[in-house]
Amino acid sequence: MVSKLIYFFEGLLFKIFCIFPIRNKIIGNTMRGRKFGDNPQYVFEALHQLNPDIDFVWLVDKKFQVDLPSWVRPVYYNNVFKFLFEMATAKVYINSHVYGMGWRKRKGQLVIETFHGGLGIKKINFDVTHVRETPRLAKSIINTCNISDVFISQSEHLSTLYRRAFGYKGLIYKCGYPKNDKLIKGNPEIPVNVRNHFGISENDKIVLYAPTFRDSFEKNGEMDFSVYGIDFARMKSAFEKKFGGTWTVMVKWHPILANYVKDRDVGLCKGYLDATQYNDMQDLIIASDAVVSDYSSCIFDAALREIPCFTFATDFEEYKKDRGVYYEMDELPFPYAHNNDELEANILNFDQEDNSSKWAAFKERTGLFESGHAALDIACKIDEFIKTGKVSWTLDS
């Protein structure tokens, strides 16, 4: 009953604010205000280069530290009047997660959904059994489809998920993922900047461990960290034995895990460099010489660089039963381990030529497409819309 009253009140305020004119303003959002990042960040940056006179606004959750460029102004979710006013008067919305059930759209606005999962392993939205039984989430997914003018895709796999897991019937612009442009093009300054930030020697090699969270653990309010029980000392030793040199272990915890792991050792996870608060995940991938993950889609981003990638997951059968997956682990083009013995063996036996062949086959199977200029392509479309009120999209049927 309370949520219905809030929804009604917000809808009424939005309608009132619609008396104000739409401005040349773009609103960006990712992870419900937890960070400045993902695909919308890179579109923002490209668009700012094209048209710096646009008013750039980012939605922020006050509970999180969100660092924004000087040309982006924050708007806080908890300030309902300000938040709804900005929404009602923006020319463009761009998001990487579903739009909440309370999001509205007025005539003359452009709404873009970039999503964040890509080739992800775990099932999403209506492909997950319990989602249809979760009214608020189900309504948010439906609302996302209703208000979005276009979904951004980087693969046939993702386009198919948009149709089925979202139930989306609108336009799909298959241009690649903005956040992956820099992985395709490369930038020699990025590894230097990352190393300087963390004080890592230029002679050291870096292995990045970036796991995802578990839905069921979050519901219980606690985390069973045994699933993240990598013996980092043993893994580090294996990398040094196989590839030579001195290796640094860097960990990027998922934002939902960040508050749980702060100021504590996690199972066997000792002796690592914590990069959780570093804003740009793609920069960490570019600076790394190898990546280890479990079910996170970041491993597919890392594979674009053709560096050694490994999966480590102790709970796959449980995870598959609880969440659902699109691939068995042995279908992926990455050596899979469900314990430390197997991870060590996979590192020591790694074959780059064989791995590259498997990755090429996987890209063909999923219809992966990365142009290296997706952010600019989308930014040009937005700039066209802001200047003319119209935009044309290349369709992926």
# chains A, B, ... in the order shown; residues from 1 in each chain; ligands from 1
call {"tool": "residues_around", "arguments": {"residues": "range 112-124 of chain A", "least_positions_apart": "6", "cutoff": "6 Å", "atoms": "only C-alpha atoms", "output": "PyMOL selection string"}}
result
chain A and resi 94-97+148+150-152+158+295+297+324-326
call {"tool": "write_last_selection", "arguments": {"atoms": "C-alpha atoms", "output": "PDB file, in the first residue's frame"}}
result
ATOM      1  CA  ILE A  94      20.946   6.738 -20.528  1.00  0.00           C
ATOM      2  CA  ASN A  95      21.239   3.791 -18.163  1.00  0.00           C
ATOM      3  CA  SER A  96      23.080   0.465 -17.771  1.00  0.00           C
ATOM      4  CA  HIS A  97      20.563  -1.259 -15.478  1.00  0.00           C
ATOM      5  CA  SER A 148      13.145   2.825 -23.851  1.00  0.00           C
ATOM      6  CA  VAL A 150      16.528   1.783 -28.093  1.00  0.00           C
ATOM      7  CA  PHE A 151      18.615  -0.947 -26.497  1.00  0.00           C
ATOM      8  CA  ILE A 152      22.378  -1.092 -27.156  1.00  0.00           C
ATOM      9  CA  LEU A 158      22.647 -10.165 -26.029  1.00  0.00           C
ATOM     10  CA  TYR A 295      30.600 -15.673 -13.182  1.00  0.00           C
ATOM     11  CA  SER A 297      30.949 -10.698 -17.407  1.00  0.00           C
ATOM     12  CA  GLY A 324      20.579 -20.219 -13.604  1.00  0.00           C
ATOM     13  CA  VAL A 325      23.316 -19.919 -16.235  1.00  0.00           C
ATOM     14  CA  TYR A 326      23.597 -19.587 -19.991  1.00  0.00           C
TER      15      TYR A 326
END
call {"tool": "residues_around", "arguments": {"residues": "Trp71 in chain A", "least_positions_apart": "4", "cutoff": "12 Å", "atoms": "only C-alpha atoms", "output": "list in words"}}
result
Phe44, Glu45, Leu47, His48, Gln49, Asn51, Pro52, Asp53, Ile54, Asp55, Phe56, Val57, Trp58 and Asp67 of chain A
call {"tool": "write_last_selection", "arguments": {"atoms": "C-alpha atoms", "output": "CSV table (one decimal), in the first residue's frame"}}
result
chain,number,residue,atom,x,y,z
A,44,PHE,CA,29.1,10.9,-21.5
A,45,GLU,CA,32.8,11.4,-22.2
A,47,LEU,CA,29.4,13.3,-25.9
A,48,HIS,CA,31.2,16.0,-23.8
A,49,GLN,CA,33.9,16.0,-26.5
A,51,ASN,CA,29.1,19.1,-27.4
A,52,PRO,CA,30.4,20.5,-24.0
A,53,ASP,CA,27.4,22.8,-23.8
A,54,ILE,CA,25.1,20.0,-22.9
A,55,ASP,CA,24.0,19.9,-19.2
A,56,PHE,CA,25.5,16.6,-17.9
A,57,VAL,CA,23.7,15.1,-14.9
A,58,TRP,CA,24.5,11.9,-13.0
A,67,ASP,CA,33.6,10.7,-8.0
call {"tool": "select_by_dssp", "arguments": {"residues": "range 8-154 of chain A", "states": "strand (DSSP E or B)", "output": "PyMOL selection string"}}
result
chain A and resi 25-29+55-60+72-76+92-95+110-113+122+150-153
call {"tool": "residues_around", "arguments": {"residues": "Ile286 in chain A", "least_positions_apart": "6", "cutoff": "8 Å", "atoms": "only C-alpha atoms", "output": "PyMOL selection string"}}
result
chain A and resi 183+186+190-191+302+305
call {"tool": "closest_residue", "arguments": {"among": "A:Lys205, A:Lys82, A:Lys252, A:Lys139", "to": "Met281 in chain A", "atoms": "only C-alpha atoms"}}
result
A:Lys252
call {"tool": "select_by_dssp", "arguments": {"residues": "range 43-287 of chain A", "states": "helix (DSSP H, G or I)", "output": "ChimeraX atom specification"}}
result
/A:43-50,80-89,125-127,129-133,135-147,156-164,178-185,189-198,215-219,225-228,232-243,255-261,281-287
call {"tool": "closest_residue", "arguments": {"among": "A:Pro308, A:Gly102, A:Pro333, A:Gly167", "to": "Phe8 in chain A", "atoms": "only C-alpha atoms"}}
result
A:Gly102
call {"tool": "residues_around", "arguments": {"residues": "Asn24 in chain A", "least_positions_apart": "3", "cutoff": "12 Å", "atoms": "only C-alpha atoms", "output": "PyMOL selection string"}}
result
chain A and resi 21+27+51-57+86+89-93+108-110+382-389
